[in-house]
Amino acid sequence: METRHYLLPSVEALESAEGLRLERVIQHSGDAVLYDTFDGKLWDAGALLMHALGELRVVGSELRAPFSQAPDAISAADLPSGPLKARLEPLLGVRSALAQVRISGNAANYKLLDELDKTIARVEVQDAAVGSADLGVRAHVWPLRGYEEETDALFAGRFQACSEGIYAEAMAAVGRDPHGIRSKVRVGLSGHEWADGGVARVLRALWDVIDANREGTLEDTDIEFLHDYRVCVRKSRAVLKELRGVFTPAARAHWRAEFRWLQQVTGATRDLDVYLEDFDELAGLVPAQDRAALEPLRTVLANRRVAAREAMVTELRSRRAVALGHEWPLYLARLTEEPVAERPDASAKIDTVAFTRIRKLYSKMVKMGQAIMEGEPHTPAEDYHELRKQGKELRYLVELFGEPLGDAEIVKPMVRTLKGLQDVLGRHQDREVQGAFVRELVDDVAAVEGSAPALLAMGSLIGALERDEVAARAEFGAAFTRFSSEEQRTLVKEAFGK
Amino acid sequence: MTTVLATYNIKGGVGKTSTAVNLAYLAAQDGHRVLLWDLDPQAAATYLFRVKPKVHGGADGLMHRRFGVTNLVKATDHERLDLLPADFSYRHLDLTLDGFKRPTRRLAKVLKPLRGDYDFIFLDCPPSISLVSESVFEAADALLVPVIPATLSSRTFAQLAELAAGDQDGRIGTRIFAFFSMVQVSKELHRTVMARLRSMHSVTMLGAAIPSSDDVEAMGEERDPVSIFAPDSIAAMSYKALWMDIQKRLSRPGLERPGAPA
Ligand SMILES: Nc1ncnc2c1ncn2[C@@H]1O[C@H](COP(=O)(O)OP(=O)(O)OP(=O)(O)O)[C@@H](O)[C@H]1O
Ligand SMILES: [Mg+2]
């Protein structure tokens, strides 16, 4: 049932309202802690998690479960089984719900009665604050089934309705966007602005996400921090690479080297995160009777991950990383003041620069793809890999510049076919890399006692990966034809032409 | 799977409503989703739940399914326990039903959209034998028949026997659980009556019985199930025992019916 929310001038205003027969059931004071993932998944699903009075609750629902403490982070595995877990588990996935804000204050629960002493609604009144920020007094009203109209008639017109609970305000009070922080950065751009200014703003927004994900990456809060960190590093690199004319050559070379380094030092850990995350799926490629034998491989992967993380953390705390974090935003803030002579695109408009590049990249990909098709069945895997890298860069440019500056209706179908192509290329590439990686692990696993069955199962896994790589290759033709069709070429010209 | 249980007796004032209200409450307490439909225009059950005896569109609208029946349901003050209230127009329910081609199937049809929402549906019937009660027999999986031992007449036996006979024909397919209500008299009489009822193989006489009790009577004053205002009373315990007994029987299909297919 839908909850109604009202703003009250005071608790007394409710209790003394004429014609409202309220019976107080319970009054409590204490803290409530709101939880959401770093990227606001629970908020977006309307399933914010709250801890109060020794239990977890999904805000605005009947779902609750006893939970004595309010820790900093709660993962799906921490939740007691039951309907609450069933609701949250698919939303959380590998992410942890993190304590976002602590609300303190008083709450009282009432029954709203009619003239027969029948309860027609339950009412909760909160007089809450976050730190020193007063959130005001609010009533949340849940009419009982069959009593919606009567309840509304008693409240509406008397109190000011408000759309939300106090939760949006509580988040705002601690400076958090309830939608969280995502790697999908969107910066509002206008075609009239100069290219360098627009590019600087986009890069700055990407940096903010990288920076925001740093702590969770270092702390290993959940594996998505590192993922989002790396996505935004990769996007920054794509911008540096593709929109070269807004930077001086020297500065561009320097920053490209720094970001390449950042991506390199975080790569091994991310790969292992993915292997471990997808372990069961990978194991699913081998016959059922061999699956259990792969367990030593999991242990080897987990051990490697520990070592990789240690190395990564050292690098991310190094002087080089700290200097990058300090200097990059300063550089971006000054970008528009850099000498124009060495920056041919500095005095061009952002849409011209970005669209030209998008068109060029698109035709380059079409040519690369055609060469791949002609070269089959002898095309080296490397060519597919190169095409995929170009595809990622194109996708980032379209998302960061094409969507805000172009016609969304035209851009969308293009993104869809690009995504279809990338999925096939991604699977092809993943299988190639996974096969090589499993081969590389053979020595490690062989060192584990009694690992003969594991080695056999790994052999079977390598075979399965190779077969799937071939299968993905076979799907390339169709995906590429869609991507490079006459219709698509026209769309791209229409969307990004002059 | 929804189980439909109807409290029924042709006689008035035997404890049908008290039983329906208390058992429905206990079922909801067990975690089941429960609906009680007060079919009696006297609206005793509706009153006990403090709900106004009014159904939008009345008996006619309900039977012709003019408004979604799910919209006519009222939540009681007890979690998971809802009520489909009584309405004054129910006193013409027989006439309304008579207007249908298959009157006795009607109630089951009206209930159909509610089945997904509830684990148990209780029907509290007015004391009569009529199209309404026949319709109830068709809709219910089991009839719960309160019997007052002191006033057990041969006529009552005849009626029970008739009900049970219909049951055995497979015409009704409804199980019949009788139990003693308002028990007050000496064990002696109690035993004689029990013995007579046992001899009717087709009627299941439940072991649990409800004693005559001021606490049950006080429900009218308190307007709540006994378990709420007198949780430790003998009456509250007896309803619990009765509910357990009924659940046990329900989980063992059809044992009480000799000749019923295994
Ligand atoms: N076990 C009991 N002990 C004492 N009083 C009882 C008991 N059961 C019911 N009563 C009282 O007897 C009266 C009739 O009970 P109830 O309404 O439950 O019977 P009923 O069969 O539904 O009646 P009706 O046929 O009028 O619908 C009520 O006043 C009720 O409080
Ligand atoms: Mg009655």
# chains A, B, ... in the order shown; residues from 1 in each chain; ligands from 1

$ residues_near_ligand --ligand "ligand 2" --cutoff "6 Å" --atoms "only C-alpha atoms and all ligand atoms" --output "list in words"
Lys16, Thr17, Ala44 and Pro126 of chain B

$ interface_residues --of "chain B" --to "chain A" --cutoff "7 Å" --atoms "only C-alpha atoms" --output "ChimeraX atom specification"
/B:50-51,71-75,77

$ write_last_selection --atoms "N, CA, C and O atoms" --output "PDB file, in the first residue's frame"
ATOM      1  N   ARG B  50     -15.485  -4.284  14.624  1.00  0.00           N
ATOM      2  CA  ARG B  50     -15.657  -2.830  14.650  1.00  0.00           C
ATOM      3  C   ARG B  50     -15.824  -2.197  13.274  1.00  0.00           C
ATOM      4  O   ARG B  50     -15.537  -1.015  13.082  1.00  0.00           O
ATOM      5  N   VAL B  51     -16.188  -3.026  12.319  1.00  0.00           N
ATOM      6  CA  VAL B  51     -16.318  -2.489  10.964  1.00  0.00           C
ATOM      7  C   VAL B  51     -17.780  -2.149  10.708  1.00  0.00           C
ATOM      8  O   VAL B  51     -18.687  -2.787  11.242  1.00  0.00           O
ATOM      9  N   ASN B  71     -11.871  -4.948  -3.825  1.00  0.00           N
ATOM     10  CA  ASN B  71     -11.976  -3.559  -3.362  1.00  0.00           C
ATOM     11  C   ASN B  71     -12.976  -3.400  -2.221  1.00  0.00           C
ATOM     12  O   ASN B  71     -13.091  -2.322  -1.635  1.00  0.00           O
ATOM     13  N   LEU B  72     -13.736  -4.446  -1.946  1.00  0.00           N
ATOM     14  CA  LEU B  72     -14.760  -4.339  -0.913  1.00  0.00           C
ATOM     15  C   LEU B  72     -14.252  -4.838   0.436  1.00  0.00           C
ATOM     16  O   LEU B  72     -14.925  -4.736   1.448  1.00  0.00           O
ATOM     17  N   VAL B  73     -13.033  -5.388   0.417  1.00  0.00           N
ATOM     18  CA  VAL B  73     -12.467  -5.970   1.629  1.00  0.00           C
ATOM     19  C   VAL B  73     -11.953  -4.880   2.558  1.00  0.00           C
ATOM     20  O   VAL B  73     -11.417  -3.876   2.116  1.00  0.00           O
ATOM     21  N   LYS B  74     -12.158  -5.069   3.856  1.00  0.00           N
ATOM     22  CA  LYS B  74     -11.633  -4.142   4.862  1.00  0.00           C
ATOM     23  C   LYS B  74     -10.618  -4.873   5.737  1.00  0.00           C
ATOM     24  O   LYS B  74     -10.862  -5.999   6.161  1.00  0.00           O
ATOM     25  N   ALA B  75      -9.525  -4.202   6.008  1.00  0.00           N
ATOM     26  CA  ALA B  75      -8.575  -4.779   6.954  1.00  0.00           C
ATOM     27  C   ALA B  75      -9.170  -4.698   8.348  1.00  0.00           C
ATOM     28  O   ALA B  75      -9.806  -3.717   8.699  1.00  0.00           O
ATOM     29  N   ASP B  77      -8.322  -4.860  12.604  1.00  0.00           N
ATOM     30  CA  ASP B  77      -7.210  -4.293  13.372  1.00  0.00           C
ATOM     31  C   ASP B  77      -6.090  -5.314  13.567  1.00  0.00           C
ATOM     32  O   ASP B  77      -5.059  -5.007  14.135  1.00  0.00           O
TER      33      ASP B  77
END

$ residues_near_ligand --ligand "ligand 1" --cutoff "6 Å" --atoms "only C-alpha atoms and all ligand atoms" --output "list in words"
Gly12, Gly13, Val14, Gly15, Lys16, Thr17, Ser18, Pro126, Pro127, Ser181, Met182, Ile210, Pro211, Ser212, Ser213, Asp214, Val216 and Glu217 of chain B

$ closest_residue --among "A:Arg234, A:His192, A:His5, A:Lys360" --to "Trp207 of chain A" --atoms "only C-alpha atoms"
A:Arg234

$ residues_around --residues "Ser190 of chain A" --least-positions-apart "6" --cutoff "10 Å" --atoms "only C-alpha atoms" --output "JSON, numbers by chain"
{"A": [198, 349, 350, 351, 401, 404, 405, 406]}

$ atom_distance --atom1 "atom CA of Leu48 of chain A" --atom2 "atom CA of Leu34 of chain A"
7.1 Å

$ closest_residue --among "A:Glu169, A:Glu487, A:Glu193, A:Asp152" --to "Asp134 of chain A" --atoms "only C-alpha atoms"
A:Glu169

$ residues_around --residues "segment 159-163 of chain A" --least-positions-apart "5" --cutoff "9 Å" --atoms "only C-alpha atoms" --output "list in words"
Arg4, His5, Tyr6, Leu7, Leu8, Pro9, Leu14 and Arg138 of chain A
